[in-house]
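A.B. asks: Enclosed is the structure file work.txt (compact mmCIF, C-alpha atoms).
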# COMPACT_ATOMS: atom_id res chain seq x y z
CA MET Y 494 24.41 -8.09 0.96
CA THR Y 495 21.66 -5.53 1.64
CA GLU Y 496 22.94 -2.32 3.21
CA LYS Y 497 21.60 -1.78 6.75
CA THR Y 498 20.21 1.68 6.05
CA LEU Y 499 17.37 1.30 8.55
CA GLU Y 500 19.25 0.02 11.59
CA GLY Y 501 17.50 1.22 14.74
CA ARG Y 502 14.27 2.12 12.96
CA THR Y 503 10.84 0.58 13.58
CA ALA Y 504 8.46 0.00 10.66
CA LEU Y 505 4.78 -0.91 10.51
CA VAL Y 506 3.39 -2.59 7.40
CA THR Y 507 -0.37 -3.07 7.05
CA GLY Y 508 -1.60 -6.05 5.08
CA GLY Y 509 1.84 -7.37 5.84
CA ALA Y 510 1.20 -11.12 5.83
CA SER Y 511 1.05 -11.61 2.05
CA GLY Y 512 1.63 -10.08 -1.36
CA ILE Y 513 3.27 -6.65 -1.53
CA GLY Y 514 3.06 -6.38 2.24
CA ALA Y 515 5.06 -9.54 2.89
CA ALA Y 516 7.69 -8.57 0.32
CA THR Y 517 7.93 -5.16 1.99
CA VAL Y 518 8.33 -6.68 5.45
CA ARG Y 519 11.24 -8.79 4.21
CA GLN Y 520 12.82 -5.81 2.41
CA LEU Y 521 12.68 -3.47 5.41
CA ALA Y 522 13.91 -6.18 7.76
CA ALA Y 523 16.83 -6.89 5.42
CA GLN Y 524 17.71 -3.19 5.66
CA GLY Y 525 17.89 -3.51 9.44
CA ALA Y 526 14.46 -2.27 10.56
CA HIS Y 527 12.42 -3.87 13.32
CA VAL Y 528 9.18 -4.61 11.47
CA ILE Y 529 5.66 -4.91 12.86
CA VAL Y 530 3.53 -7.10 10.58
CA ALA Y 531 -0.08 -5.90 10.82
CA ASP Y 532 -2.74 -8.13 9.32
CA ARG Y 533 -6.12 -9.66 10.13
CA ASP Y 534 -4.47 -13.01 9.32
CA GLY Y 535 -2.88 -13.43 12.73
CA GLU Y 536 -1.23 -16.75 11.95
CA GLY Y 537 0.32 -15.49 8.73
CA ALA Y 538 1.50 -12.29 10.39
CA SER Y 539 3.01 -14.21 13.28
CA LEU Y 540 4.88 -16.64 11.03
CA LEU Y 541 6.36 -13.84 8.93
CA ALA Y 542 7.27 -11.78 11.99
CA LYS Y 543 9.10 -14.78 13.41
CA GLU Y 544 10.93 -15.24 10.09
CA VAL Y 545 12.28 -11.68 10.08
CA GLY Y 546 12.76 -11.23 13.82
CA GLY Y 547 9.96 -8.68 14.07
CA GLU Y 548 6.58 -8.70 15.77
CA SER Y 549 3.00 -9.19 14.67
CA TRP Y 550 -0.16 -7.18 15.23
CA THR Y 551 -3.37 -9.07 14.57
CA VAL Y 552 -5.85 -6.33 13.74
CA ASP Y 553 -9.13 -5.76 11.94
CA LEU Y 554 -8.44 -2.34 10.48
CA LEU Y 555 -12.11 -1.92 9.63
CA ASP Y 556 -12.67 -1.42 13.36
CA THR Y 557 -11.80 2.24 12.98
CA ALA Y 558 -13.06 3.22 16.44
CA ALA Y 559 -10.15 1.26 17.94
CA LEU Y 560 -7.70 3.33 15.89
CA GLU Y 561 -8.97 6.79 16.80
CA ASP Y 562 -6.97 7.00 20.05
CA LYS Y 563 -4.08 4.81 18.87
CA LYS Y 564 -0.50 6.01 19.35
CA LEU Y 565 2.13 4.47 17.10
CA GLU Y 566 5.80 4.75 17.98
CA VAL Y 567 7.07 3.85 14.54
CA ASP Y 568 9.54 5.58 12.25
CA ILE Y 569 8.22 4.10 9.01
CA LEU Y 570 4.56 3.53 8.16
CA VAL Y 571 3.61 1.56 5.06
CA ASN Y 572 -0.11 1.80 4.27
CA ASN Y 573 -0.58 -1.26 2.12
CA ALA Y 574 -3.80 -3.06 3.17
CA GLY Y 575 -6.40 -3.17 0.42
CA ILE Y 576 -9.41 -4.96 -1.02
CA GLN Y 577 -11.15 -4.91 -4.38
CA VAL Y 578 -14.66 -5.29 -5.80
CA VAL Y 579 -15.25 -5.17 -9.55
CA LYS Y 580 -18.83 -4.25 -10.55
CA PRO Y 581 -20.68 -1.62 -12.59
CA ILE Y 582 -21.76 1.40 -10.54
CA GLU Y 583 -25.46 0.57 -10.80
CA GLU Y 584 -24.79 -2.88 -9.33
CA PHE Y 585 -22.20 -1.78 -6.75
CA ASP Y 586 -23.28 -2.54 -3.19
CA PRO Y 587 -23.05 0.70 -1.16
CA ALA Y 588 -21.76 -1.33 1.79
CA ASP Y 589 -18.82 -2.53 -0.35
CA PHE Y 590 -18.15 1.05 -1.48
CA ARG Y 591 -18.00 2.25 2.12
CA ARG Y 592 -15.86 -0.71 3.21
CA ILE Y 593 -13.26 -0.05 0.51
CA HIS Y 594 -13.11 3.66 1.35
CA THR Y 595 -12.80 2.89 5.04
CA LEU Y 596 -9.90 0.47 4.62
CA MET Y 597 -8.03 2.30 1.88
CA LEU Y 598 -8.53 5.97 2.81
CA GLU Y 599 -9.88 6.44 6.33
CA VAL Y 600 -7.55 3.84 7.87
CA PRO Y 601 -4.38 5.37 6.34
CA PHE Y 602 -5.52 8.74 7.72
CA LEU Y 603 -6.01 7.28 11.20
CA LEU Y 604 -2.65 5.48 11.16
CA ILE Y 605 -0.81 8.56 9.88
CA ARG Y 606 -2.53 10.58 12.61
CA ALA Y 607 -1.40 8.01 15.18
CA ALA Y 608 2.20 7.93 13.93
CA LEU Y 609 2.97 11.61 13.37
CA PRO Y 610 3.46 12.71 17.01
CA HIS Y 611 6.32 10.22 17.47
CA MET Y 612 7.79 11.05 14.07
CA TYR Y 613 7.62 14.77 14.79
CA SER Y 614 9.32 14.35 18.17
CA SER Y 615 12.05 12.23 16.53
CA GLU Y 616 12.36 14.63 13.58
CA PHE Y 617 12.30 11.62 11.29
CA GLY Y 618 9.48 9.78 9.60
CA ARG Y 619 8.62 7.96 6.42
CA ILE Y 620 4.99 7.57 5.31
CA ILE Y 621 4.80 5.29 2.28
CA ASN Y 622 1.37 4.72 0.78
CA ILE Y 623 0.90 1.81 -1.58
CA SER Y 624 -1.41 3.50 -4.03
CA SER Y 625 -1.94 2.25 -7.57
CA VAL Y 626 -1.94 3.36 -11.15
CA HIS Y 627 -5.63 3.73 -10.32
CA GLY Y 628 -4.68 6.62 -8.05
CA LEU Y 629 -3.74 8.44 -11.28
CA ARG Y 630 -6.00 6.82 -13.88
CA ALA Y 631 -9.47 5.29 -13.91
CA SER Y 632 -10.81 1.95 -15.09
CA ALA Y 633 -14.41 0.96 -15.56
CA PHE Y 634 -16.14 -1.13 -12.87
CA LYS Y 635 -13.81 0.03 -10.06
CA SER Y 636 -15.61 3.10 -8.71
CA ALA Y 637 -14.74 2.46 -5.06
CA TYR Y 638 -11.12 1.44 -5.58
CA VAL Y 639 -10.30 4.25 -8.01
CA SER Y 640 -11.91 6.95 -5.87
CA ALA Y 641 -10.25 5.64 -2.68
CA LYS Y 642 -6.82 5.60 -4.32
CA HIS Y 643 -7.33 9.11 -5.72
CA GLY Y 644 -8.17 10.20 -2.18
CA LEU Y 645 -5.05 8.50 -0.83
CA GLU Y 646 -2.94 10.51 -3.28
CA GLY Y 647 -4.36 13.72 -1.85
CA LEU Y 648 -3.90 12.58 1.74
CA SER Y 649 -0.28 11.70 1.00
CA LYS Y 650 0.44 15.14 -0.45
CA VAL Y 651 -1.16 16.96 2.50
CA THR Y 652 0.92 14.82 4.86
CA ALA Y 653 4.03 15.77 2.89
CA LEU Y 654 3.27 19.48 3.23
CA GLU Y 655 2.53 19.26 6.95
CA GLY Y 656 5.41 16.92 7.76
CA GLY Y 657 8.21 18.54 5.78
CA SER Y 658 9.40 20.86 8.52
CA HIS Y 659 9.46 17.94 10.99
CA GLY Y 660 11.68 15.61 8.96
CA VAL Y 661 8.73 13.51 7.79
CA THR Y 662 8.27 12.55 4.15
CA SER Y 663 5.14 11.13 2.53
CA ASN Y 664 5.00 9.46 -0.86
CA CYS Y 665 2.88 7.11 -2.94
CA ILE Y 666 3.95 4.11 -4.98
CA ASN Y 667 1.71 3.48 -7.97
CA PRO Y 668 2.10 -0.03 -9.37
CA GLY Y 669 0.15 -1.47 -12.22
CA TYR Y 670 -1.22 -4.97 -11.72
CA VAL Y 671 0.97 -6.85 -9.25
CA ARG Y 672 1.23 -10.61 -8.96
CA THR Y 673 -0.70 -10.88 -5.67
CA PRO Y 674 -3.75 -12.77 -4.34
CA LEU Y 675 -5.77 -9.53 -4.68
CA VAL Y 676 -5.10 -9.34 -8.43
CA GLU Y 677 -5.56 -13.06 -8.98
CA ALA Y 678 -8.94 -12.85 -7.26
CA GLN Y 679 -10.02 -10.15 -9.74
CA ILE Y 680 -9.66 -12.32 -12.80
CA ALA Y 681 -13.02 -14.09 -12.45
CA ASP Y 682 -14.80 -10.79 -11.76
CA GLN Y 683 -13.15 -9.11 -14.73
CA ALA Y 684 -14.07 -12.01 -16.99
CA LYS Y 685 -17.70 -11.72 -15.88
CA VAL Y 686 -18.12 -7.96 -16.33
CA HIS Y 687 -16.28 -7.95 -19.68
CA GLY Y 688 -17.92 -11.13 -20.97
CA ILE Y 689 -14.68 -12.92 -21.82
CA PRO Y 690 -12.98 -16.15 -20.66
CA GLU Y 691 -10.74 -15.88 -17.60
CA ALA Y 692 -7.74 -16.95 -19.67
CA GLU Y 693 -8.07 -13.77 -21.76
CA VAL Y 694 -8.30 -11.27 -18.89
CA LEU Y 695 -4.59 -10.48 -18.58
CA ALA Y 696 -4.08 -9.78 -22.28
CA LYS Y 697 -7.43 -8.12 -23.05
CA VAL Y 698 -8.09 -6.19 -19.84
CA MET Y 699 -5.27 -5.89 -17.34
CA LEU Y 700 -2.22 -5.41 -19.55
CA THR Y 701 -3.70 -3.57 -22.53
CA GLU Y 702 -2.15 -0.23 -21.51
CA HIS Y 703 1.24 -1.65 -20.53
CA ALA Y 704 4.29 -1.23 -22.77
CA ILE Y 705 5.88 -4.06 -20.79
CA LYS Y 706 3.44 -6.96 -20.96
CA ARG Y 707 3.81 -8.62 -17.59
CA LEU Y 708 2.64 -8.28 -14.02
CA VAL Y 709 4.71 -6.32 -11.51
CA GLU Y 710 6.41 -8.60 -8.97
CA PRO Y 711 5.89 -7.84 -5.25
CA HIS Y 712 9.63 -7.65 -4.60
CA GLU Y 713 9.93 -4.86 -7.20
CA VAL Y 714 7.45 -2.73 -5.28
CA ALA Y 715 9.17 -3.60 -2.00
CA SER Y 716 12.54 -2.46 -3.36
CA LEU Y 717 11.09 1.00 -4.00
CA VAL Y 718 9.60 1.06 -0.49
CA GLY Y 719 13.05 0.28 0.86
CA TRP Y 720 14.62 3.18 -1.03
CA LEU Y 721 11.93 5.67 0.01
CA ALA Y 722 12.35 4.61 3.65
CA ALA Y 723 16.11 5.11 3.67
CA PRO Y 724 18.07 8.29 4.52
CA ASN Y 725 19.00 9.05 0.91
CA ALA Y 726 15.34 9.74 0.10
CA GLY Y 727 15.08 12.55 2.63
CA MET Y 728 14.32 15.17 -0.06
CA VAL Y 729 11.70 13.02 -1.79
CA THR Y 730 8.22 13.92 -0.60
CA GLY Y 731 4.77 14.57 -2.01
CA ALA Y 732 5.61 12.37 -4.98
CA SER Y 733 3.86 9.50 -6.74
CA TYR Y 734 6.17 6.86 -8.18
CA THR Y 735 4.69 4.87 -11.05
CA MET Y 736 5.74 1.27 -11.55
CA ASP Y 737 3.23 0.42 -14.24
CA GLY Y 738 5.11 -0.86 -17.26
CA GLY Y 739 4.41 2.37 -19.14
CA TRP Y 740 0.63 2.55 -18.54
CA THR Y 741 0.65 6.24 -17.57
CA ALA Y 742 2.99 7.14 -20.43
CA HIS Y 743 -0.04 7.26 -22.77
So that I can check it, write out the structure of this file as structure tokens.

C.D. replies:
Amino acid sequence: MTEKTLEGRTALVTGGASGIGAATVRQLAAQGAHVIVADRDGEGASLLAKEVGGESWTVDLLDTAALEDKKLEVDILVNNAGIQVVKPIEEFDPADFRRIHTLMLEVPFLLIRAALPHMYSSEFGRIINISSVHGLRASAFKSAYVSAKHGLEGLSKVTALEGGSHGVTSNCINPGYVRTPLVEAQIADQAKVHGIPEAEVLAKVMLTEHAIKRLVEPHEVASLVGWLAAPNAGMVTGASYTMDGGWTAH
């Protein structure tokens, strides 16, 4: 049985209706948290919220103006929502570049900004940013994603420094390729830019740097979120936790 380490806490998970987000919602709920499932997929968010006894927030996070005056009374914030476009820089649509940076860097800033006053007043807070190995390393054809995740790493560390005296921690989790719809959707794009069949993408592109030759499972990432959110991680802040099968060991 999962220990109820988060009883009485409220958590918000963005991109919470599927993939890593959904696994995280279930993990935090199992630890006793009341979880808000935030996603543009309102139906999916509502169904999952009902499953775990939480609540849903149907939201288009790209509408950043609506977030600028937002106040979030949450104890745990998981910045997970993300998108991907795989193209060479000279072919990369500037609108896609801006959209990725908005969702994966500006939105976490706005949500952290909205959550900190409550966390500071409570003298407890957990900011957990789902970054990527691409927050620490680069790959070709991912200029927007890599630069956004590198920015998220910096934002997380600044939050850690500012929040430390208020009982607020801020950390990144850096998975390699995770078995999610976002990764599965990349396979065709990767095959195109590398000029190989889709069936060869995992072995020849995605897992070449891994010592462990498999995808990360969403529940594995969620288990680390659960630990970082719990009281025993109170001295862990400003860190980046790799879960990449050995990619960054090179």

A.B. asks: Which polymer residues have any atom within 9 Å of an atom of segment 619-625 of chain Y, counting all atoms listed in the file, with same-chain residues fewer than 3 positions away left out, as a PyMOL selection string?

C.D. replies: chain Y and resi 513+568-574+597+601+605+612+628-630+639+642-643+645-646+649+652-653+660-670+714+718+721-723+727+733+735-737

A.B. asks: Just want the 6 Å neighbourhood of segment 536-547 of chain Y, counted on all atoms listed in the file, with same-chain residues fewer than 3 positions away dropped. Output as a list of chain:residue names.

C.D. replies: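 Answer for this query is Y:Ala510, Y:His527, Y:Val528, Y:Ile529, Y:Val530.
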
A.B. asks: Scan for residues within 10 Å of the point (8.7, 14.4, 15.6) in the coordinates of the file, using all atoms listed in the file, and reply as JSON, numbers by chain.

C.D. replies: {"Y": [568, 608, 609, 610, 611, 612, 613, 614, 615, 616, 617, 618, 656, 658, 659, 660, 661]}

A.B. asks: Could you tell me how far atom CA of Arg592 of chain Y sits from atom CA of Gln520 of chain Y, in Å to one decimal place?

C.D. replies: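 These two atoms are separated by 29.1 Å.
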
A.B. asks: For the atom pair atom CA of Ala631 of chain Y and atom CA of Val579 of chain Y, what is the interatomic distance in Å to one decimal place?

C.D. replies: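 Going from atom CA of Ala631 of chain Y over to atom CA of Val579 of chain Y, I get 12.7 Å.
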
A.B. asks: I need the residue nearest Arg591 of chain Y from this list: Y:Leu654, Y:Leu560, Y:Ala637, Y:Ala531. Use all atoms listed in the file for the distance.

C.D. replies: Y:Ala637

A.B. asks: How many Å separate atom CA of Glu548 of chain Y from atom CA of Leu598 of chain Y?

C.D. replies: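 Atom CA of Leu598 of chain Y lies 24.7 Å from atom CA of Glu548 of chain Y.
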
A.B. asks: Counting only C-alpha atoms, find residues at most 7 Å from (-4.6, -7.7, 5.5) (file frame) and give them as a list in words.

C.D. replies: Thr507, Gly508, Gly509, Ala510, Asp532, Arg533, Asp534 and Ala574 of chain Y

A.B. asks: Near Ala704 of chain Y, within 10 Å and counting only C-alpha atoms, which residues show up once chain neighbours fewer than 5 positions away are dropped, as a PyMOL selection string?

C.D. replies: chain Y and resi 737-743

A.B. asks: Using only C-alpha atoms, which residues sit within 10 Å of Glu599 of chain Y once same-chain residues fewer than 6 positions away are excluded, as a ChimeraX atom specification?

C.D. replies: /Y:554-555,557,592-593,605,641,644-645,648

A.B. asks: Counting only C-alpha atoms, which of Y:Gly688, Y:Gly525, Y:Gly647, Y:Pro711 gets nearest to Thr498 of chain Y?

C.D. replies: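 Closest to Thr498 of chain Y of all the choices is Y:Gly525.
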
A.B. asks: Which residue gives the smallest distance to Gly514 of chain Y among Y:Gly575, Y:Ala681, Y:Val676, Y:Val709, with only C-alpha atoms counted?

C.D. replies: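 Among the listed residues, the smallest separation from Gly514 of chain Y belongs to Y:Gly575.
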